[in-house]
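Engineer: What follows is entry.cif, mmCIF, C-alpha atoms.
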data_entry
#
loop_
_atom_site.label_atom_id
_atom_site.label_comp_id
_atom_site.auth_asym_id
_atom_site.auth_seq_id
_atom_site.Cartn_x
_atom_site.Cartn_y
_atom_site.Cartn_z
CA MET A 75 -38.79 -44.94 17.44
CA ASN A 76 -35.11 -44.58 18.27
CA ALA A 77 -33.85 -44.42 21.85
CA GLN A 78 -33.10 -40.70 21.75
CA THR A 79 -36.58 -39.76 20.55
CA LEU A 80 -38.18 -42.06 23.11
CA ILE A 81 -36.22 -40.43 25.93
CA ALA A 82 -36.91 -36.88 24.72
CA GLN A 83 -40.64 -37.52 24.32
CA ARG A 84 -40.92 -38.94 27.82
CA ILE A 85 -39.06 -36.00 29.35
CA ALA A 86 -41.32 -33.56 27.48
CA GLN A 87 -44.19 -34.94 29.59
CA GLU A 88 -42.47 -33.33 32.60
CA LEU A 89 -42.84 -29.83 31.10
CA ARG A 90 -45.45 -27.49 32.56
CA ASP A 91 -46.86 -24.24 31.27
CA GLY A 92 -44.72 -21.20 32.14
CA MET A 93 -41.63 -23.16 33.19
CA LEU A 94 -38.12 -21.78 32.71
CA VAL A 95 -36.10 -24.70 31.33
CA ASN A 96 -32.45 -25.18 30.38
CA LEU A 97 -31.60 -28.01 27.97
CA GLY A 98 -28.09 -29.41 27.63
CA ILE A 99 -26.60 -30.57 24.35
CA GLY A 100 -27.32 -33.99 22.84
CA ILE A 101 -30.55 -35.83 23.75
CA PRO A 102 -31.72 -32.95 26.02
CA THR A 103 -31.86 -30.56 23.05
CA LEU A 104 -34.45 -32.85 21.40
CA VAL A 105 -36.91 -32.25 24.25
CA ALA A 106 -37.74 -28.84 22.70
CA ASN A 107 -39.24 -30.69 19.71
CA PHE A 108 -41.92 -32.31 21.87
CA VAL A 109 -43.41 -29.43 23.86
CA PRO A 110 -47.14 -30.25 24.08
CA LYS A 111 -49.33 -28.14 21.79
CA GLY A 112 -50.65 -24.99 23.43
CA MET A 113 -48.08 -25.08 26.24
CA HIS A 114 -45.68 -22.16 26.60
CA VAL A 115 -42.26 -22.97 28.01
CA PHE A 116 -39.33 -20.54 28.32
CA PHE A 117 -36.08 -22.10 27.15
CA GLN A 118 -32.86 -20.60 28.46
CA SER A 119 -29.47 -20.72 26.78
CA GLU A 120 -26.85 -20.12 29.46
CA ASN A 121 -24.90 -17.83 27.13
CA GLY A 122 -27.55 -15.23 27.92
CA LEU A 123 -30.92 -15.86 26.29
CA ILE A 124 -34.45 -16.76 27.36
CA GLY A 125 -36.78 -17.52 24.49
CA THR A 126 -34.39 -19.50 22.31
CA GLY A 127 -36.02 -20.23 18.97
CA PRO A 128 -35.21 -22.64 16.14
CA VAL A 129 -32.21 -22.40 13.86
CA ALA A 130 -32.46 -19.38 11.57
CA ASP A 131 -33.68 -19.72 7.98
CA PRO A 132 -30.94 -19.51 5.32
CA GLY A 133 -29.64 -15.94 5.13
CA MET A 134 -31.38 -14.90 8.34
CA ALA A 135 -28.68 -15.88 10.86
CA LEU A 136 -27.19 -13.16 13.06
CA PRO A 137 -23.66 -13.66 14.42
CA TRP A 138 -24.71 -12.18 17.79
CA LEU A 139 -27.62 -14.51 18.42
CA THR A 140 -26.41 -17.99 19.22
CA ASP A 141 -27.05 -20.98 21.45
CA ALA A 142 -24.67 -22.27 24.12
CA GLY A 143 -22.78 -24.18 21.44
CA GLY A 144 -22.15 -20.98 19.47
CA LYS A 145 -24.61 -21.95 16.71
CA PRO A 146 -26.89 -19.24 15.26
CA VAL A 147 -30.45 -19.49 16.52
CA THR A 148 -33.51 -17.25 16.52
CA ALA A 149 -35.36 -15.62 19.40
CA LEU A 150 -39.08 -16.06 20.00
CA PRO A 151 -41.46 -13.17 20.74
CA GLY A 152 -41.00 -12.25 24.39
CA ALA A 153 -37.35 -13.28 24.42
CA SER A 154 -34.84 -11.57 26.69
CA THR A 155 -31.05 -11.37 26.73
CA PHE A 156 -28.64 -10.74 29.61
CA ASP A 157 -25.03 -11.14 30.68
CA SER A 158 -23.39 -14.28 32.09
CA ALA A 159 -23.66 -13.19 35.74
CA MET A 160 -27.43 -12.73 35.31
CA SER A 161 -27.69 -15.99 33.39
CA PHE A 162 -26.16 -17.96 36.24
CA GLY A 163 -28.05 -15.92 38.82
CA LEU A 164 -31.16 -17.34 37.16
CA ILE A 165 -29.70 -20.83 37.35
CA ARG A 166 -28.39 -20.78 40.94
CA GLY A 167 -30.94 -18.42 42.40
CA GLY A 168 -33.94 -20.71 42.31
CA HIS A 169 -35.43 -19.23 39.14
CA LEU A 170 -34.76 -22.17 36.83
CA ASP A 171 -37.59 -24.70 37.14
CA LEU A 172 -35.95 -27.54 35.25
CA THR A 173 -32.68 -28.52 33.65
CA VAL A 174 -32.25 -31.55 31.40
CA LEU A 175 -28.68 -32.81 31.06
CA GLY A 176 -26.85 -35.69 29.49
CA GLY A 177 -25.10 -38.19 31.74
CA LEU A 178 -22.08 -40.50 31.79
CA GLN A 179 -22.93 -42.14 35.13
CA VAL A 180 -25.49 -41.75 37.92
CA ASP A 181 -24.92 -43.39 41.29
CA GLN A 182 -27.55 -45.13 43.43
CA HIS A 183 -28.21 -41.92 45.39
CA GLY A 184 -28.77 -39.98 42.17
CA ARG A 185 -25.45 -38.17 42.00
CA LEU A 186 -24.45 -37.38 38.42
CA ALA A 187 -21.08 -37.57 36.67
CA ASN A 188 -21.21 -35.96 33.25
CA TRP A 189 -18.30 -33.64 32.67
CA MET A 190 -15.04 -35.52 32.32
CA VAL A 191 -13.32 -38.84 31.74
CA PRO A 192 -9.89 -38.48 33.36
CA GLY A 193 -7.09 -38.97 30.87
CA LYS A 194 -9.49 -39.18 27.92
CA MET A 195 -11.94 -36.32 27.77
CA VAL A 196 -11.47 -33.11 29.73
CA PRO A 197 -13.81 -30.60 28.09
CA GLY A 198 -14.44 -28.61 31.26
CA MET A 199 -17.63 -28.42 33.26
CA GLY A 200 -19.00 -25.34 31.49
CA GLY A 201 -22.33 -24.61 33.17
CA ALA A 202 -23.10 -28.20 34.25
CA MET A 203 -22.02 -27.87 37.90
CA ASP A 204 -24.08 -24.70 38.35
CA LEU A 205 -27.11 -26.26 36.64
CA VAL A 206 -27.14 -29.36 38.84
CA ALA A 207 -26.41 -27.41 42.03
CA GLY A 208 -28.94 -24.69 41.27
CA ALA A 209 -31.95 -25.82 39.24
CA LYS A 210 -35.17 -26.61 41.09
CA ARG A 211 -35.49 -29.93 39.26
CA VAL A 212 -32.77 -31.91 37.47
CA ILE A 213 -33.53 -34.61 34.88
CA VAL A 214 -30.84 -36.72 33.26
CA ALA A 215 -31.44 -37.90 29.69
CA MET A 216 -29.19 -40.78 28.74
CA GLN A 217 -29.02 -44.27 27.28
CA HIS A 218 -29.34 -46.93 29.95
CA THR A 219 -26.00 -48.53 29.15
CA ALA A 220 -22.82 -47.65 27.27
CA LYS A 221 -21.29 -50.47 25.21
CA GLY A 222 -23.34 -52.91 27.30
CA ARG A 223 -22.10 -51.51 30.62
CA PRO A 224 -24.58 -50.03 33.09
CA LYS A 225 -24.49 -46.26 33.53
CA ILE A 226 -26.65 -46.32 36.65
CA VAL A 227 -24.07 -47.63 39.07
CA ARG A 228 -23.52 -48.15 42.78
CA GLU A 229 -20.76 -45.58 42.86
CA CYS A 230 -19.56 -43.29 40.08
CA SER A 231 -16.02 -44.03 38.94
CA LEU A 232 -16.00 -40.68 37.11
CA PRO A 233 -15.74 -37.27 38.82
CA LEU A 234 -19.09 -36.01 40.12
CA THR A 235 -20.78 -32.95 38.67
CA SER A 236 -22.44 -32.12 41.98
CA ASP A 237 -23.20 -33.76 45.31
CA ARG A 238 -26.84 -32.74 44.87
CA PRO A 239 -28.84 -35.79 43.70
CA VAL A 240 -30.77 -35.49 40.44
CA ASP A 241 -34.54 -35.93 40.52
CA LEU A 242 -35.12 -38.23 37.57
CA VAL A 243 -33.17 -40.33 35.09
CA VAL A 244 -34.97 -41.14 31.84
CA THR A 245 -33.50 -43.83 29.57
CA GLU A 246 -34.83 -45.85 26.65
CA LEU A 247 -35.71 -48.59 29.15
CA ALA A 248 -37.03 -46.84 32.21
CA VAL A 249 -37.75 -43.82 34.37
CA ILE A 250 -35.87 -43.87 37.66
CA GLY A 251 -36.36 -41.44 40.53
CA PHE A 252 -34.31 -40.67 43.63
CA SER A 253 -36.80 -38.97 45.92
CA GLU A 254 -36.08 -41.29 48.86
CA GLY A 255 -32.34 -40.89 48.44
CA ARG A 256 -32.15 -44.18 46.55
CA ALA A 257 -32.70 -45.32 43.01
CA THR A 258 -36.35 -46.23 42.55
CA LEU A 259 -37.82 -47.69 39.38
CA LEU A 260 -40.90 -45.60 38.57
CA GLU A 261 -41.76 -46.70 35.02
CA THR A 262 -40.62 -49.13 32.39
CA MET A 263 -40.90 -48.15 28.75
CA ASP A 264 -43.26 -49.93 26.37
CA GLY A 265 -42.37 -53.60 26.00
CA VAL A 266 -39.58 -53.48 28.59
CA THR A 267 -39.79 -55.77 31.63
CA VAL A 268 -38.65 -54.97 35.15
CA GLU A 269 -36.14 -57.80 34.84
CA GLU A 270 -34.60 -56.22 31.76
CA VAL A 271 -34.18 -52.91 33.58
CA VAL A 272 -32.70 -54.58 36.64
CA ALA A 273 -30.28 -56.58 34.48
CA ALA A 274 -29.06 -53.40 32.78
CA THR A 275 -28.66 -51.50 36.07
CA GLU A 276 -25.79 -51.92 38.52
CA ALA A 277 -27.29 -49.81 41.32
CA ASP A 278 -29.77 -51.44 43.67
CA LEU A 279 -33.24 -50.56 42.39
CA ALA A 280 -36.23 -50.17 44.63
CA LEU A 281 -39.59 -50.63 42.90
CA ALA A 282 -42.19 -47.91 43.21
CA PRO A 283 -45.53 -49.24 44.52
CA GLU A 284 -47.28 -47.56 41.63
CA LEU A 285 -44.73 -48.87 39.13
CA SER A 286 -46.31 -48.44 35.74
CA GLN A 287 -45.44 -49.83 32.38
CA LYS A 288 -45.90 -47.30 29.65
CA GLY A 289 -48.68 -48.55 27.45
CA GLY A 290 -49.21 -51.48 29.77
CA ALA A 291 -48.76 -53.97 26.94
CA LYS A 292 -46.80 -56.45 29.00
CA PRO A 293 -47.59 -57.09 32.64
CA VAL A 294 -44.75 -57.51 35.10
CA PRO A 295 -43.81 -61.21 34.93
CA GLU A 296 -44.45 -63.29 38.02
CA SER A 297 -40.79 -64.09 38.37
CA ALA A 298 -40.05 -60.42 38.92
CA PRO A 299 -40.11 -59.15 42.47
CA THR A 300 -43.43 -57.72 43.50
CA ALA A 301 -43.48 -54.02 44.06
CA ALA A 302 -43.14 -53.00 47.66
CA VAL A 303 -42.23 -49.67 49.09
CA GLY A 304 -38.51 -49.49 49.64
CA GLU A 305 -37.92 -53.06 48.57
CA THR A 306 -34.54 -53.60 46.98
CA VAL A 307 -34.13 -55.88 44.03
CA MET B 1 -11.77 7.67 27.59
CA LYS B 2 -9.33 7.94 24.71
CA THR B 3 -9.63 6.65 21.20
CA ILE B 4 -6.71 4.57 20.05
CA THR B 5 -5.62 2.72 16.93
CA LEU B 6 -5.79 -1.04 16.94
CA SER B 7 -2.01 -1.42 16.76
CA ASP B 8 -1.38 1.11 19.55
CA ALA B 9 -4.00 -0.57 21.74
CA VAL B 10 -2.27 -3.92 21.48
CA ALA B 11 1.21 -2.35 21.73
CA MET B 12 0.21 -1.22 25.28
CA ILE B 13 -0.14 -4.85 26.35
CA PRO B 14 3.14 -6.28 27.63
CA ALA B 15 4.14 -9.90 27.21
CA GLY B 16 3.14 -11.86 30.32
CA ALA B 17 0.04 -9.74 30.96
CA THR B 18 -3.23 -11.10 32.33
CA LEU B 19 -6.15 -10.46 29.96
CA MET B 20 -9.87 -10.86 30.33
CA ILE B 21 -11.39 -11.42 26.90
CA GLY B 22 -15.15 -11.28 26.33
CA GLY B 23 -16.99 -13.87 24.29
CA PHE B 24 -18.76 -17.21 24.38
CA MET B 25 -17.50 -19.61 21.72
CA GLY B 26 -16.12 -16.55 19.93
CA VAL B 27 -19.47 -14.72 19.96
CA GLY B 28 -18.83 -11.31 21.52
CA THR B 29 -15.05 -11.57 21.29
CA PRO B 30 -13.20 -8.47 19.99
CA GLU B 31 -11.86 -10.38 17.00
CA PRO B 32 -9.69 -7.55 15.51
CA VAL B 33 -7.92 -7.16 18.87
CA VAL B 34 -7.24 -10.90 19.01
CA ASP B 35 -5.89 -10.81 15.44
CA GLU B 36 -3.58 -7.94 16.39
CA LEU B 37 -2.28 -9.84 19.45
CA VAL B 38 -1.27 -12.59 17.04
CA GLN B 39 0.17 -10.06 14.59
CA GLN B 40 2.32 -8.49 17.33
CA GLN B 41 3.18 -11.92 18.81
CA LYS B 42 2.35 -10.95 22.39
CA GLY B 43 3.36 -14.06 24.31
CA ASP B 44 3.35 -15.61 27.77
CA LEU B 45 -0.19 -14.32 28.35
CA THR B 46 -2.73 -15.43 30.93
CA VAL B 47 -6.28 -15.31 29.57
CA ILE B 48 -9.44 -15.30 31.66
CA ALA B 49 -12.45 -16.09 29.47
CA ASN B 50 -15.46 -18.37 29.25
CA ASP B 51 -13.82 -20.79 26.83
CA THR B 52 -11.03 -21.17 24.29
CA ALA B 53 -13.49 -21.19 21.36
CA ALA B 54 -12.34 -23.32 18.42
CA PRO B 55 -9.29 -23.25 16.13
CA GLY B 56 -9.50 -20.18 13.91
CA ILE B 57 -12.13 -18.48 16.06
CA GLY B 58 -11.56 -15.84 18.77
CA ILE B 59 -9.30 -17.02 21.58
CA GLY B 60 -8.66 -20.18 19.56
CA LYS B 61 -6.30 -18.06 17.42
CA LEU B 62 -4.19 -17.27 20.51
CA ILE B 63 -4.06 -20.98 21.35
CA THR B 64 -2.95 -21.90 17.82
CA ALA B 65 -0.25 -19.18 17.92
CA LYS B 66 0.94 -20.57 21.29
CA LEU B 67 0.82 -17.15 22.90
CA LEU B 68 -0.77 -18.35 26.13
CA ARG B 69 0.90 -19.60 29.28
CA ARG B 70 -2.28 -20.09 31.29
CA VAL B 71 -6.04 -19.97 30.75
CA ILE B 72 -8.75 -19.66 33.40
CA VAL B 73 -11.92 -20.88 31.64
CA SER B 74 -15.04 -23.00 32.06
CA HIS B 75 -14.82 -25.00 28.86
CA ILE B 76 -12.19 -26.17 26.37
CA GLY B 77 -14.14 -29.03 24.79
CA LEU B 78 -14.54 -27.50 21.34
CA ASN B 79 -10.85 -26.71 20.91
CA PRO B 80 -8.73 -29.87 20.62
CA GLU B 81 -5.56 -27.74 20.40
CA THR B 82 -6.15 -26.49 23.94
CA GLN B 83 -6.33 -30.08 25.18
CA GLN B 84 -3.19 -31.03 23.22
CA GLN B 85 -1.18 -28.13 24.66
CA MET B 86 -2.50 -28.91 28.14
CA LEU B 87 -1.49 -32.59 27.90
CA ALA B 88 1.91 -31.60 26.49
CA GLY B 89 2.49 -29.39 29.53
CA GLU B 90 2.73 -26.24 27.39
CA LEU B 91 -0.40 -24.60 28.73
CA GLN B 92 -1.83 -24.41 32.24
CA VAL B 93 -5.60 -24.85 32.14
CA ASP B 94 -7.62 -23.88 35.22
CA LEU B 95 -11.23 -25.06 34.81
CA VAL B 96 -13.84 -23.07 36.71
CA PRO B 97 -17.62 -23.64 36.68
CA GLN B 98 -19.14 -21.05 34.37
CA GLY B 99 -21.37 -19.35 36.93
CA THR B 100 -18.53 -19.27 39.43
CA LEU B 101 -16.24 -17.73 36.81
CA ALA B 102 -18.78 -14.99 36.04
CA GLU B 103 -19.24 -14.24 39.74
CA ARG B 104 -15.50 -14.21 40.51
CA ILE B 105 -15.02 -11.65 37.74
CA ARG B 106 -18.04 -9.66 38.90
CA ALA B 107 -16.65 -9.68 42.45
CA GLY B 108 -13.31 -8.43 41.12
CA GLY B 109 -15.00 -5.49 39.45
CA PHE B 110 -17.44 -4.75 42.24
CA GLY B 111 -14.94 -4.39 45.06
CA LEU B 112 -15.61 -7.76 46.69
CA GLY B 113 -12.96 -10.19 47.91
CA GLY B 114 -14.83 -13.18 46.54
CA ILE B 115 -18.13 -15.00 46.60
CA LEU B 116 -19.76 -18.02 48.28
CA THR B 117 -21.36 -20.60 45.99
CA ALA B 118 -22.80 -24.07 46.47
CA THR B 119 -21.66 -24.94 42.94
CA GLY B 120 -18.83 -27.48 43.05
CA VAL B 121 -19.34 -28.61 46.67
CA GLY B 122 -18.47 -32.30 46.93
CA THR B 123 -16.66 -32.36 43.57
CA ILE B 124 -13.03 -32.02 42.49
CA ALA B 125 -13.77 -28.32 41.86
CA ALA B 126 -13.79 -27.97 45.67
CA GLU B 127 -10.21 -29.24 46.07
CA GLY B 128 -8.04 -26.74 47.91
CA LYS B 129 -11.01 -24.44 48.53
CA GLN B 130 -12.27 -23.20 51.86
CA THR B 131 -15.83 -24.28 52.71
CA VAL B 132 -18.06 -21.85 54.59
CA ALA B 133 -21.39 -22.88 56.14
CA VAL B 134 -24.17 -20.31 55.99
CA GLY B 135 -27.63 -21.14 57.29
CA GLY B 136 -26.80 -24.83 57.41
CA ARG B 137 -25.67 -25.08 53.79
CA ASP B 138 -22.08 -25.48 52.62
CA TYR B 139 -20.61 -23.00 50.16
CA LEU B 140 -17.20 -22.73 48.52
CA LEU B 141 -15.25 -19.54 49.06
CA GLU B 142 -14.25 -18.46 45.55
CA PRO B 143 -11.80 -15.53 45.34
CA ALA B 144 -12.34 -12.50 43.11
CA LEU B 145 -10.56 -12.29 39.76
CA ARG B 146 -9.03 -9.18 38.21
CA ALA B 147 -6.86 -8.62 35.14
CA ASP B 148 -4.37 -6.12 33.75
CA PHE B 149 -6.49 -5.59 30.65
CA ALA B 150 -10.09 -6.32 29.69
CA LEU B 151 -10.62 -6.73 25.95
CA VAL B 152 -14.28 -6.00 25.46
CA HIS B 153 -16.57 -6.30 22.44
CA ALA B 154 -19.55 -3.95 22.20
CA PHE B 155 -22.26 -3.58 19.58
CA ILE B 156 -22.51 0.19 19.99
CA ALA B 157 -20.13 2.64 21.67
CA ASP B 158 -20.76 6.36 21.76
CA TYR B 159 -18.00 8.99 21.55
CA LEU B 160 -17.76 9.05 25.36
CA GLY B 161 -17.48 5.29 25.73
CA ASN B 162 -21.00 4.38 26.83
CA LEU B 163 -21.60 0.82 25.67
CA GLN B 164 -24.45 -1.33 24.48
CA TYR B 165 -24.09 -5.01 23.68
CA ALA B 166 -26.08 -7.12 21.22
CA LEU B 167 -28.11 -10.20 22.16
CA THR B 168 -25.91 -13.15 23.15
CA ALA B 169 -22.70 -11.26 22.32
CA ARG B 170 -23.07 -9.60 25.74
CA ASN B 171 -22.11 -12.64 27.87
CA PHE B 172 -18.94 -11.88 29.89
CA ASN B 173 -18.25 -8.42 28.40
CA PRO B 174 -20.04 -6.21 30.98
CA VAL B 175 -18.55 -7.94 34.03
CA MET B 176 -15.06 -7.91 32.50
CA ALA B 177 -15.36 -4.19 31.70
CA MET B 178 -15.50 -3.62 35.47
CA ALA B 179 -12.67 -5.95 36.51
CA ALA B 180 -9.44 -4.79 34.82
CA GLU B 181 -6.91 -2.02 35.33
CA THR B 182 -7.22 -0.99 31.69
CA VAL B 183 -10.39 -1.52 29.63
CA VAL B 184 -10.06 -1.62 25.84
CA VAL B 185 -13.26 -1.71 23.78
CA GLN B 186 -13.77 -2.70 20.18
CA ALA B 187 -17.24 -1.74 18.96
CA GLU B 188 -19.14 -2.74 15.83
CA ASN B 189 -20.65 0.75 15.65
CA ILE B 190 -19.35 4.06 16.99
CA VAL B 191 -22.09 6.67 17.31
CA PRO B 192 -22.62 10.24 18.59
CA VAL B 193 -23.37 10.82 22.26
CA GLY B 194 -27.10 10.57 22.85
CA VAL B 195 -27.81 7.82 20.34
CA ILE B 196 -27.73 5.34 23.22
CA ALA B 197 -30.51 6.43 25.57
CA PRO B 198 -29.46 6.59 29.26
CA ASP B 199 -31.70 3.64 30.12
CA HIS B 200 -30.07 1.56 27.39
CA VAL B 201 -26.46 2.10 28.45
CA MET B 202 -25.20 -1.27 29.69
CA THR B 203 -21.66 -0.20 30.63
CA PRO B 204 -21.26 3.46 31.63
CA ALA B 205 -18.51 5.47 29.91
CA PRO B 206 -16.27 6.17 32.93
CA VAL B 207 -15.16 2.52 33.19
CA VAL B 208 -13.89 2.49 29.58
CA ASP B 209 -10.27 3.57 29.09
CA TYR B 210 -9.76 3.08 25.36
CA LEU B 211 -12.08 2.80 22.38
CA VAL B 212 -10.42 1.26 19.33
CA ALA B 213 -10.88 3.52 16.31
CA LYS B 214 -12.17 2.01 13.09
CA GLY B 215 -9.31 1.08 10.77
#
With the file now loaded, output its structure as C-alpha cells.
Structural biologist:
Amino acid sequence: MNAQTLIAQRIAQELRDGMLVNLGIGIPTLVANFVPKGMHVFFQSENGLIGTGPVADPGMALPWLTDAGGKPVTALPGASTFDSAMSFGLIRGGHLDLTVLGGLQVDQHGRLANWMVPGKMVPGMGGAMDLVAGAKRVIVAMQHTAKGRPKIVRECSLPLTSDRPVDLVVTELAVIGFSEGRATLLETMDGVTVEEVVAATEADLALAPELSQKGGAKPVPESAPTAAVGETV
Amino acid sequence: MKTITLSDAVAMIPAGATLMIGGFMGVGTPEPVVDELVQQQKGDLTVIANDTAAPGIGIGKLITAKLLRRVIVSHIGLNPETQQQMLAGELQVDLVPQGTLAERIRAGGFGLGGILTATGVGTIAAEGKQTVAVGGRDYLLEPALRADFALVHAFIADYLGNLQYALTARNFNPVMAMAAETVVVQAENIVPVGVIAPDHVMTPAPVVDYLVAKG
C-alpha cells in the first residue's frame, strides 16, 4: 500500500455517522474513498456544496456543479447548495465537525503551516485559514518527511495557517496528537518502530501511555524509551 | 432595472474602476462580460473576486490581457500568470482568507462597517490589522468592501431582475449583488415574471441595475 492510501485509510477511521466534513486537495481528497460501509458522512465543498458526489460520468458533467478545484462533480441525494458567506458560516460557526488538510510543516504545539513558501509558492490561503480556525476538529494528512527532512518541527519556518493547534497529524509512519499542547505519539503504523518515528521527527515527541502499534506485528524495542505520560523523547 | 446590450454595459465601466466579479475558478463568472472587458480594453482595473481562475478562463482572461492594476482575492494558485505579474511588480495582489473575503463583501452590502473574525489571528494575515477581544477571544477587525460595479452571473433572471443561481455557480454572486454602486447581471436564462416563485428568488429585483440582453 502506498503512503497516501495508508494515510487516507487511517484518517477514514476518524469519520463518524452524520458528520459534516471538509476535505482539502491532495491526500485529504482520498479519504472519501474509504468511508466505512453503511456510514453516512456529509462532505462539504467550500465553493458552496454539501453532498459532493463522485466525478460525473462522461457526458453527464454540468458546468455549474463543481468541486473547490473547479472540476465537475455530482451531487448525492440530500445535497444542498449555498453561497460563499453561508459556506464559511458553516466552517467558522461550529457546524463543521472535521476538516482534513494537507500540510507543509506542523510545529511541536500542533500549529500548521500549509499555504505558502515565501519567494517560491504563493498560491494564497483560499479557505485554509478559515478551516483551521473554525472546524471543530482538524486533521493534517501529510508525508512524515519531505526529501528526508522532518515536517513535524520544533518551530515552523513557513508562515502559519492559524495559531489554533490541529488535533491530529496522520503520516505514513505515525499518528501524532496535540491534546496536551505538545506533540504526542499515539500510534505507529504497521512495521514502524518508535525509534523510526522519533528519528524522522524534529519536534520533541511525548509517548502516549496507550501507544499502540497498528497490527501489533512488532513490539516496541527495548532500546526505545518506555511510554510514560508526558515523557519527552 | 434596465436591460442593456453587452457592449453598452461594459462601455459604462470607466478605466480604473473597482469591480466585484462573481465566480469560483471561473464557475459562476459572467464570461461574456469578461470577454467584452477585454474587447473594449478597459484597463487599470481593481478586481475583487474569489480567485483569478486560470489562463483562458474567467478573470484569468483579464490577467492575460494585463487589464488589472490590483486584485483582492483568496487564491491565485491555479493561475501562474497572476504570480508572474505579481513578482514583476505589474500587479498588486492582496490575499484575503476566503471566508473573510465573503464576509467583508457581505458587510459592504449589508450596511456594516466590517466584521470580527478569528480567522488569521496569529498569522501574517493579521499584520496591520486591529485586534478586538470579545468574550476572551481575539478577533481581527476586517473592514467592509464595496465596489463601483458588481458583475454578477445568474442562472435565471426574470424581466424585473429577480435572480436565481445554479448549484455551485452561486458562490460570491449574491453577496456581490448587494455590495456595488451599479449591479450588472448576465443570466443564462431570461424568463417572464412569475417563473421564479417568490420563495426561490435568491437576489430580489430592486438591487439589480442592469440585465444584459441576449446577443
Engineer: Which residues, named as in the file, does the PyMOL selection byres ((chain B) within 6 of (chain A)) pick out? Answer as a VMD selection string.
Structural biologist: chain B and resid 25 74 to 77 95 97 to 99 102 119 to 120 122 to 123 167 to 172
Engineer: Quick one: distance from CA of Asp148 (chain B) to CA of Gly60 (chain B) in Å, one decimal?
Structural biologist: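 Computing the Euclidean distance for CA of Asp148 (chain B) and CA of Gly60 (chain B) yields 20.4 Å.
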Engineer: Looking at only C-alpha atoms, which of B:Asn189, B:Thr3, B:Thr182, B:Gln39 is the one that sits closest to Val207 (chain B)?
Structural biologist: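 Counting only C-alpha atoms, the residue closest to Val207 (chain B) is B:Thr182.
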Engineer: Identify which of the residues B:Glu36, B:Thr29, B:Phe149, B:Val96 lies closest to Ala53 (chain B), counting only C-alpha atoms when measuring atom-to-atom distances.
Structural biologist: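 Among B:Glu36, B:Thr29, B:Phe149, B:Val96, it is B:Thr29 that comes nearest to Ala53 (chain B).
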Engineer: I'd like the residues picked by the PyMOL selection byres ((chain A and resi 100) around 9) written out as a ChimeraX atom specification, using the chain letters and numbers from the file.
Structural biologist: /A:78,97-99,101-104,175-176,215
Engineer: Given the file shown, enumerate the residues that the PyMOL selection byres ((chain A and resi 151) around 12) captures and present them as a list in words.
Structural biologist: His114, Phe116, Ile124, Gly125, Thr126, Gly127, Thr148, Ala149, Leu150, Gly152, Ala153 and Ser154 of chain A
Engineer: Kindly indicate which residue among B:Glu181, B:Asp44, B:Glu127, B:Glu188 lies nearest to Glu90 (chain B), using only C-alpha atoms for the distances.
Structural biologist: B:Asp44
Engineer: What does the distance between CA of Thr46 (chain B) and CA of Ala147 (chain B) come to in Å, to one decimal place?
Structural biologist: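 Taking CA of Thr46 (chain B) as the start and CA of Ala147 (chain B) as the end point, the length is 9.0 Å.
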Engineer: Have a look at CA of Cys230 (chain A) and CA of Thr258 (chain A) and let me know their distance in Å, one decimal.
Structural biologist: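 Separation between CA of Cys230 (chain A) and CA of Thr258 (chain A): 17.2 Å.
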Engineer: Calculated over only C-alpha atoms, which of the candidates A:Asn107, A:Gln87, A:Gln182, A:Thr173 has the smallest distance to Glu276 (chain A)?
Structural biologist: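 The answer is A:Gln182, which sits nearest to Glu276 (chain A).
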Engineer: Measuring atom to atom with only C-alpha atoms, identify which of B:Met202, B:Ala125, B:Ala157, B:Val185 is nearest to Val33 (chain B).
Structural biologist: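 Once distances to Val33 (chain B) are computed over only C-alpha atoms, the minimum belongs to B:Val185.
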Engineer: Looking at all atoms listed in the file, which of B:Ser7, B:Gln41, B:Thr52, B:Thr203 is the one that sits closest to Gly23 (chain B)?
Structural biologist: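 Among the listed residues, the smallest separation from Gly23 (chain B) belongs to B:Thr52.
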Engineer: Determine, counting all atoms listed in the file, which protein, DNA and RNA residues have an atom within 9 Å of an atom of Leu94 (chain A); residues of the same chain fewer than 2 positions away are not included. Present the result as a list in words.
Structural biologist: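 Listing them by chain and then by number gives Gly92, Asn96, Val115, Phe116, Phe117, Gln118, Ile124, His169, Leu170, Asp171, Leu172 and Thr173 of chain A.
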Engineer: Taking 6 positions as the minimum chain separation for residues in the same chain, which residues sit within 7 Å of Ile226 (chain A) when counting only C-alpha atoms? Answer as JSON, numbers by chain.
Structural biologist: {"A": [179, 180, 181, 182, 275, 276, 277]}
Engineer: Would you kindly identify which residues have an atom no farther than 10 Å from (-0.1, -9.9, 19.1), using all atoms listed in the file and the file's own coordinates, and write them out as a list in words?
Structural biologist: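 Residues lying no farther than 10 Å from the given point: Ser7, Val10, Ala11, Ile13, Pro14, Ala15, Val33, Val34, Asp35, Glu36, Leu37, Val38, Gln39, Gln40, Gln41, Lys42, Gly43, Leu62, Ala65 and Leu67 of chain B.
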Engineer: Can I get the selected residues back with C-alpha atoms, as an mmCIF file, keeping the file's coordinate frame?
Structural biologist:
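As written to disk, selection34.cif reads:
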data_model
loop_
_atom_site.group_PDB
_atom_site.id
_atom_site.type_symbol
_atom_site.label_atom_id
_atom_site.label_comp_id
_atom_site.auth_asym_id
_atom_site.auth_seq_id
_atom_site.Cartn_x
_atom_site.Cartn_y
_atom_site.Cartn_z
ATOM 1 C CA SER B 7 -2.010 -1.420 16.760
ATOM 2 C CA VAL B 10 -2.270 -3.920 21.480
ATOM 3 C CA ALA B 11 1.210 -2.350 21.730
ATOM 4 C CA ILE B 13 -0.140 -4.850 26.350
ATOM 5 C CA PRO B 14 3.140 -6.280 27.630
ATOM 6 C CA ALA B 15 4.140 -9.900 27.210
ATOM 7 C CA VAL B 33 -7.920 -7.160 18.870
ATOM 8 C CA VAL B 34 -7.240 -10.900 19.010
ATOM 9 C CA ASP B 35 -5.890 -10.810 15.440
ATOM 10 C CA GLU B 36 -3.580 -7.940 16.390
ATOM 11 C CA LEU B 37 -2.280 -9.840 19.450
ATOM 12 C CA VAL B 38 -1.270 -12.590 17.040
ATOM 13 C CA GLN B 39 0.170 -10.060 14.590
ATOM 14 C CA GLN B 40 2.320 -8.490 17.330
ATOM 15 C CA GLN B 41 3.180 -11.920 18.810
ATOM 16 C CA LYS B 42 2.350 -10.950 22.390
ATOM 17 C CA GLY B 43 3.360 -14.060 24.310
ATOM 18 C CA LEU B 62 -4.190 -17.270 20.510
ATOM 19 C CA ALA B 65 -0.250 -19.180 17.920
ATOM 20 C CA LEU B 67 0.820 -17.150 22.900
#
